[in-house]
>>> print(open('coords.cif').read())   # mmCIF, C-alpha atoms
data_query
loop_
_atom_site.label_atom_id
_atom_site.label_comp_id
_atom_site.auth_asym_id
_atom_site.auth_seq_id
_atom_site.Cartn_x
_atom_site.Cartn_y
_atom_site.Cartn_z
CA MET A 208 -88.12 113.98 107.59
CA VAL A 209 -89.17 110.55 106.32
CA ALA A 210 -86.77 107.62 106.78
CA THR A 211 -88.09 104.47 105.12
CA GLY A 212 -84.96 102.33 105.48
CA ARG A 213 -83.52 99.77 103.10
CA VAL A 214 -83.35 96.00 102.94
CA PRO A 215 -81.04 93.77 100.87
CA ASN A 216 -82.63 92.28 97.76
CA THR A 217 -81.33 88.73 98.30
CA ALA A 218 -84.56 86.75 98.58
CA ASN A 219 -85.34 83.97 96.09
CA MET A 220 -81.77 83.77 94.81
CA GLY A 221 -81.24 80.17 95.85
CA LEU A 222 -78.69 81.05 98.52
CA GLU A 223 -80.08 78.40 100.85
CA SER A 224 -79.42 75.69 98.27
CA MET A 225 -75.72 76.60 98.45
CA GLY A 226 -75.71 76.41 102.24
CA ILE A 227 -75.61 80.18 102.68
CA GLU A 228 -77.47 81.56 105.70
CA THR A 229 -78.46 85.23 105.78
CA GLN A 230 -79.33 87.56 108.66
CA ARG A 231 -82.23 89.88 107.79
CA GLY A 232 -81.26 89.20 104.19
CA PHE A 233 -77.61 90.20 104.57
CA VAL A 234 -74.95 87.84 103.22
CA ALA A 235 -71.86 87.22 105.36
CA VAL A 236 -68.47 87.92 103.75
CA ASN A 237 -64.85 87.96 104.86
CA GLU A 238 -62.36 90.80 104.36
CA LYS A 239 -61.79 89.64 100.75
CA MET A 240 -65.55 89.86 99.97
CA GLN A 241 -65.77 86.05 99.73
CA VAL A 242 -69.19 84.75 100.76
CA LEU A 243 -69.37 82.78 104.02
CA THR A 244 -71.93 80.13 104.90
CA LYS A 245 -73.01 82.11 107.98
CA HIS A 246 -72.13 85.22 109.98
CA GLU A 247 -70.66 83.43 112.99
CA ASP A 248 -67.75 81.09 112.21
CA GLY A 249 -68.89 80.63 108.63
CA GLU A 250 -66.84 78.85 106.00
CA VAL A 251 -65.86 80.30 102.63
CA VAL A 252 -68.15 79.36 99.74
CA PRO A 253 -65.73 78.69 96.84
CA GLY A 254 -66.08 80.96 93.82
CA VAL A 255 -68.72 83.28 95.27
CA TRP A 256 -68.22 86.93 96.22
CA CYS A 257 -70.70 89.53 97.48
CA ILE A 258 -70.35 93.32 97.40
CA GLY A 259 -72.48 96.34 98.20
CA ASP A 260 -75.72 96.61 100.16
CA ALA A 261 -76.24 92.84 100.06
CA ASN A 262 -73.43 92.25 102.57
CA GLY A 263 -74.50 95.13 104.83
CA LYS A 264 -70.97 96.19 105.72
CA MET A 265 -71.47 99.78 104.58
CA MET A 266 -74.56 100.66 102.54
CA LEU A 267 -73.04 103.40 100.38
CA ALA A 268 -72.51 103.50 96.61
CA HIS A 269 -68.82 104.36 96.85
CA ALA A 270 -68.29 101.61 99.42
CA ALA A 271 -69.89 99.12 97.04
CA SER A 272 -67.59 100.31 94.27
CA ALA A 273 -64.53 99.88 96.49
CA GLN A 274 -65.68 96.41 97.50
CA GLY A 275 -66.19 95.48 93.84
CA ILE A 276 -62.67 96.56 92.93
CA SER A 277 -61.32 94.66 95.93
CA ALA A 278 -63.24 91.51 94.98
CA ILE A 279 -61.82 91.61 91.44
CA GLU A 280 -58.31 92.09 92.82
CA ASN A 281 -58.74 89.01 94.98
CA ILE A 282 -60.26 87.00 92.12
CA ALA A 283 -57.21 87.94 90.02
CA GLY A 284 -54.89 86.72 92.77
CA ARG A 285 -53.83 90.16 94.02
CA GLU A 286 -54.73 90.02 97.70
CA HIS A 287 -56.62 93.06 98.95
CA ALA A 288 -58.91 94.08 101.83
CA VAL A 289 -61.09 97.19 102.05
CA ASP A 290 -60.48 99.37 105.12
CA HIS A 291 -64.06 100.36 105.95
CA ASP A 292 -62.82 102.69 108.71
CA ALA A 293 -61.31 104.86 105.95
CA ILE A 294 -64.47 105.12 103.83
CA PRO A 295 -66.21 108.50 104.26
CA ALA A 296 -69.96 109.01 104.56
CA ALA A 297 -72.05 112.13 104.09
CA CYS A 298 -75.58 113.42 104.63
CA PHE A 299 -76.59 116.12 102.15
CA THR A 300 -78.64 118.11 104.61
CA HIS A 301 -78.32 121.77 105.54
CA PRO A 302 -75.84 122.04 107.04
CA GLU A 303 -74.08 119.04 105.53
CA ILE A 304 -72.82 116.26 107.80
CA ALA A 305 -69.84 114.05 106.99
CA MET A 306 -67.73 111.53 108.85
CA VAL A 307 -65.01 108.95 108.48
CA GLY A 308 -64.14 106.29 111.03
CA PRO A 309 -66.04 105.28 114.16
CA THR A 310 -68.30 107.46 116.29
CA GLU A 311 -66.78 109.14 119.34
CA GLU A 312 -68.43 106.55 121.60
CA GLN A 313 -66.98 103.72 119.51
CA CYS A 314 -63.56 105.39 119.60
CA ILE A 315 -63.72 105.57 123.41
CA GLU A 316 -64.60 101.87 123.59
CA ARG A 317 -61.85 100.94 121.13
CA ALA A 318 -59.23 102.95 123.01
CA GLU A 319 -60.18 101.31 126.30
CA LYS A 320 -60.19 97.84 124.76
CA GLU A 321 -56.90 98.23 122.89
CA GLY A 322 -55.11 100.22 125.59
CA TRP A 323 -54.39 103.58 123.98
CA THR A 324 -55.33 107.17 124.82
CA LEU A 325 -57.94 109.00 122.74
CA GLY A 326 -57.35 112.63 121.86
CA LYS A 327 -59.88 115.13 120.54
CA SER A 328 -59.48 118.46 118.78
CA GLN A 329 -61.99 120.77 117.15
CA GLY A 330 -62.06 123.47 114.49
CA ASN A 331 -64.93 125.93 114.13
CA PHE A 332 -66.52 127.35 111.00
CA ARG A 333 -67.22 130.61 112.84
CA ALA A 334 -63.46 131.25 112.85
CA ASN A 335 -63.20 130.62 109.09
CA SER A 336 -63.29 133.64 106.78
CA LYS A 337 -64.63 131.72 103.75
CA ALA A 338 -67.50 130.27 105.79
CA LEU A 339 -68.33 133.71 107.16
CA ALA A 340 -68.26 135.21 103.66
CA GLU A 341 -70.75 132.51 102.60
CA GLY A 342 -72.95 133.34 105.58
CA GLU A 343 -72.38 129.82 106.94
CA GLY A 344 -70.48 130.33 110.18
CA ASN A 345 -72.25 127.55 112.06
CA GLY A 346 -70.44 124.22 112.19
CA ILE A 347 -67.52 122.26 113.57
CA ALA A 348 -64.86 119.77 112.53
CA LYS A 349 -63.91 117.26 115.23
CA VAL A 350 -60.76 115.18 114.94
CA LEU A 351 -60.34 112.06 117.09
CA PHE A 352 -56.83 110.65 117.22
CA ASN A 353 -54.58 108.16 118.99
CA LYS A 354 -52.45 110.22 121.39
CA ASP A 355 -49.83 107.50 121.57
CA THR A 356 -49.19 107.29 117.82
CA GLY A 357 -50.72 110.54 116.59
CA LYS A 358 -52.74 108.68 113.93
CA VAL A 359 -56.17 110.02 112.99
CA VAL A 360 -58.90 107.57 114.01
CA ALA A 361 -62.05 109.48 113.02
CA VAL A 362 -63.27 112.89 111.87
CA HIS A 363 -66.79 114.31 112.13
CA ILE A 364 -67.81 117.50 110.30
CA ILE A 365 -71.01 119.52 110.43
CA GLY A 366 -71.05 122.57 108.19
CA ILE A 367 -71.02 123.95 104.66
CA HIS A 368 -69.48 121.53 102.13
CA ALA A 369 -68.68 118.95 104.83
CA ALA A 370 -69.08 116.19 102.23
CA ASP A 371 -66.20 117.66 100.23
CA LEU A 372 -64.00 118.43 103.22
CA ILE A 373 -64.12 114.89 104.60
CA GLN A 374 -62.01 113.44 101.77
CA GLU A 375 -58.78 114.90 103.15
CA CYS A 376 -59.56 113.18 106.43
CA SER A 377 -60.42 109.88 104.75
CA ASN A 378 -57.07 109.93 102.99
CA ALA A 379 -55.34 110.61 106.31
CA VAL A 380 -57.04 107.65 107.99
CA ALA A 381 -56.24 105.38 105.02
CA ALA A 382 -52.59 106.41 104.91
CA GLY A 383 -52.06 106.39 108.68
CA THR A 384 -51.09 110.07 108.64
CA THR A 385 -50.48 111.59 112.08
CA VAL A 386 -51.85 114.86 113.46
CA GLN A 387 -48.24 115.98 113.81
CA GLU A 388 -47.75 115.59 110.05
CA LEU A 389 -51.13 117.11 109.19
CA SER A 390 -50.54 120.11 111.45
CA MET A 391 -47.54 121.13 109.33
CA MET A 392 -49.28 120.79 105.97
CA VAL A 393 -50.19 124.12 104.37
CA HIS A 394 -53.84 124.77 103.54
CA THR A 395 -54.96 127.39 101.00
CA HIS A 396 -56.26 130.69 102.40
CA PRO A 397 -59.06 131.63 102.41
CA THR A 398 -60.75 128.21 102.10
CA LEU A 399 -63.07 126.05 104.14
CA CYS A 400 -60.37 123.39 104.59
CA GLU A 401 -58.69 125.72 107.07
CA VAL A 402 -61.32 124.52 109.56
CA LEU A 403 -59.53 121.16 109.43
CA ASP A 404 -56.14 122.84 109.60
CA GLU A 405 -57.25 124.48 112.84
CA ALA A 406 -58.35 121.12 114.26
CA PHE A 407 -55.10 119.41 113.25
CA LYS A 408 -53.03 122.21 114.79
CA GLY A 409 -55.15 122.14 117.92
CA ALA A 410 -54.35 118.45 118.34
CA VAL A 411 -50.68 119.31 118.82
CA GLY A 412 -51.15 122.54 120.80
CA MET A 413 -50.71 124.94 117.87
CA SER A 414 -54.26 126.31 117.65
CA SER A 415 -54.49 130.04 116.90
CA HIS A 416 -58.23 130.59 117.44
#
>>> encode(input="coords.cif", output="structure tokens")
Amino acid sequence: MVATGRVPNTANMGLESMGIETQRGFVAVNEKMQVLTKHEDGEVVPGVWCIGDANGKMMLAHAASAQGISAIENIAGREHAVDHDAIPAACFTHPEIAMVGPTEEQCIERAEKEGWTLGKSQGNFRANSKALAEGEGNGIAKVLFNKDTGKVVAVHIIGIHAADLIQECSNAVAAGTTVQELSMMVHTHPTLCEVLDEAFKGAVGMSSH
């Protein structure tokens, strides 16, 4: 594996002349994608927005697209903020890896800081008939949730078509759907999404495998 990394292409744009400081080339923005003069306690630069890799919030094409739409909404006077915790990410390896929300370590820290209890449930591809039929029984889906409210905080998937499966979880995070609600939603059989169904049911003590 070769990982070369990426850097924002913001040099020689005259940002300094507008009083805009960057960190390793990244431009500071607020939740409306308005450019700030600096990352710590920066002030809004009137009439300037920054989306995508240049702001470093989430270096993914679909995140940049969401930020662009949000910026236009704010420019048009329709206030909007992107929830980056609800944006999924995927690695197209074998097996595929996908996630939405913080890492488990970050979830533990957040729960401790905010005073709520973190719950964890897991579904396994080896218990999924479609995965077994594809010869891809290795893999898991891990759901991290707020035990006090039932809301899904993060989901991590390793397995066949993880990049496709994560969207259901992203929608749940964005909508504030609870594991109680998700556990009662019917999933098509036989499909890979039943791995998630198993994890959601496990979160409320209804696991069958």
>>> resolve_selection(input="coords.cif", expression="the PyMOL selection byres ((chain A and resi 221-237) around 12)", output="JSON, numbers by chain")
{"A": [213, 214, 215, 216, 217, 218, 219, 220, 238, 239, 240, 241, 242, 243, 244, 245, 246, 247, 248, 249, 250, 251, 252, 253, 254, 255, 256, 257, 258, 259, 260, 261, 262, 263, 264, 265, 266, 274, 277, 278, 281, 287, 288, 289]}
>>> atom_distance(input="coords.cif", atom1="CA of His363 in chain A", atom2="CA of Glu375 in chain A")
12.0 Å
>>> residues_around(input="coords.cif", residues="Pro295 in chain A", least_positions_apart="6", cutoff="12 Å", atoms="only C-alpha atoms", output="PyMOL selection string")
chain A and resi 265-270+273+304-309+361-364+369-381
>>> residues_around(input="coords.cif", residues="Gly357 in chain A", least_positions_apart="4", cutoff="8 Å", atoms="only C-alpha atoms", output="list of chain:residue names")
A:Phe352, A:Asn353, A:Thr384, A:Thr385, A:Val386, A:Gln387
>>> atom_distance(input="coords.cif", atom1="CA of His396 in chain A", atom2="CA of His368 in chain A")
16.1 Å
>>> atom_distance(input="coords.cif", atom1="CA of Ala318 in chain A", atom2="CA of Val402 in chain A")
25.5 Å
>>> closest_residue(input="coords.cif", among="A:Lys354, A:Glu303, A:Glu388, A:Glu401", to="Arg333 in chain A", atoms="only C-alpha atoms")
A:Glu401
>>> resolve_selection(input="coords.cif", expression="the PyMOL selection byres ((chain A and resi 348) around 7)", output="number ranges by chain")
A: 329-331, 347, 349-350, 363-365, 402-403, 406
>>> closest_residue(input="coords.cif", among="A:Leu389, A:Ile367, A:Asp404, A:Gln313", to="Glu341 in chain A", atoms="only C-alpha atoms")
A:Ile367
>>> closest_residue(input="coords.cif", among="A:Ser414, A:Thr398, A:Thr211, A:Thr356", to="Gly383 in chain A", atoms="all atoms listed in the file")
A:Thr356
>>> residues_near_point(input="coords.cif", point="(-73.7, 129.4, 104.5)", cutoff="10 Å", atoms="all atoms listed in the file", output="count of residues only")
16
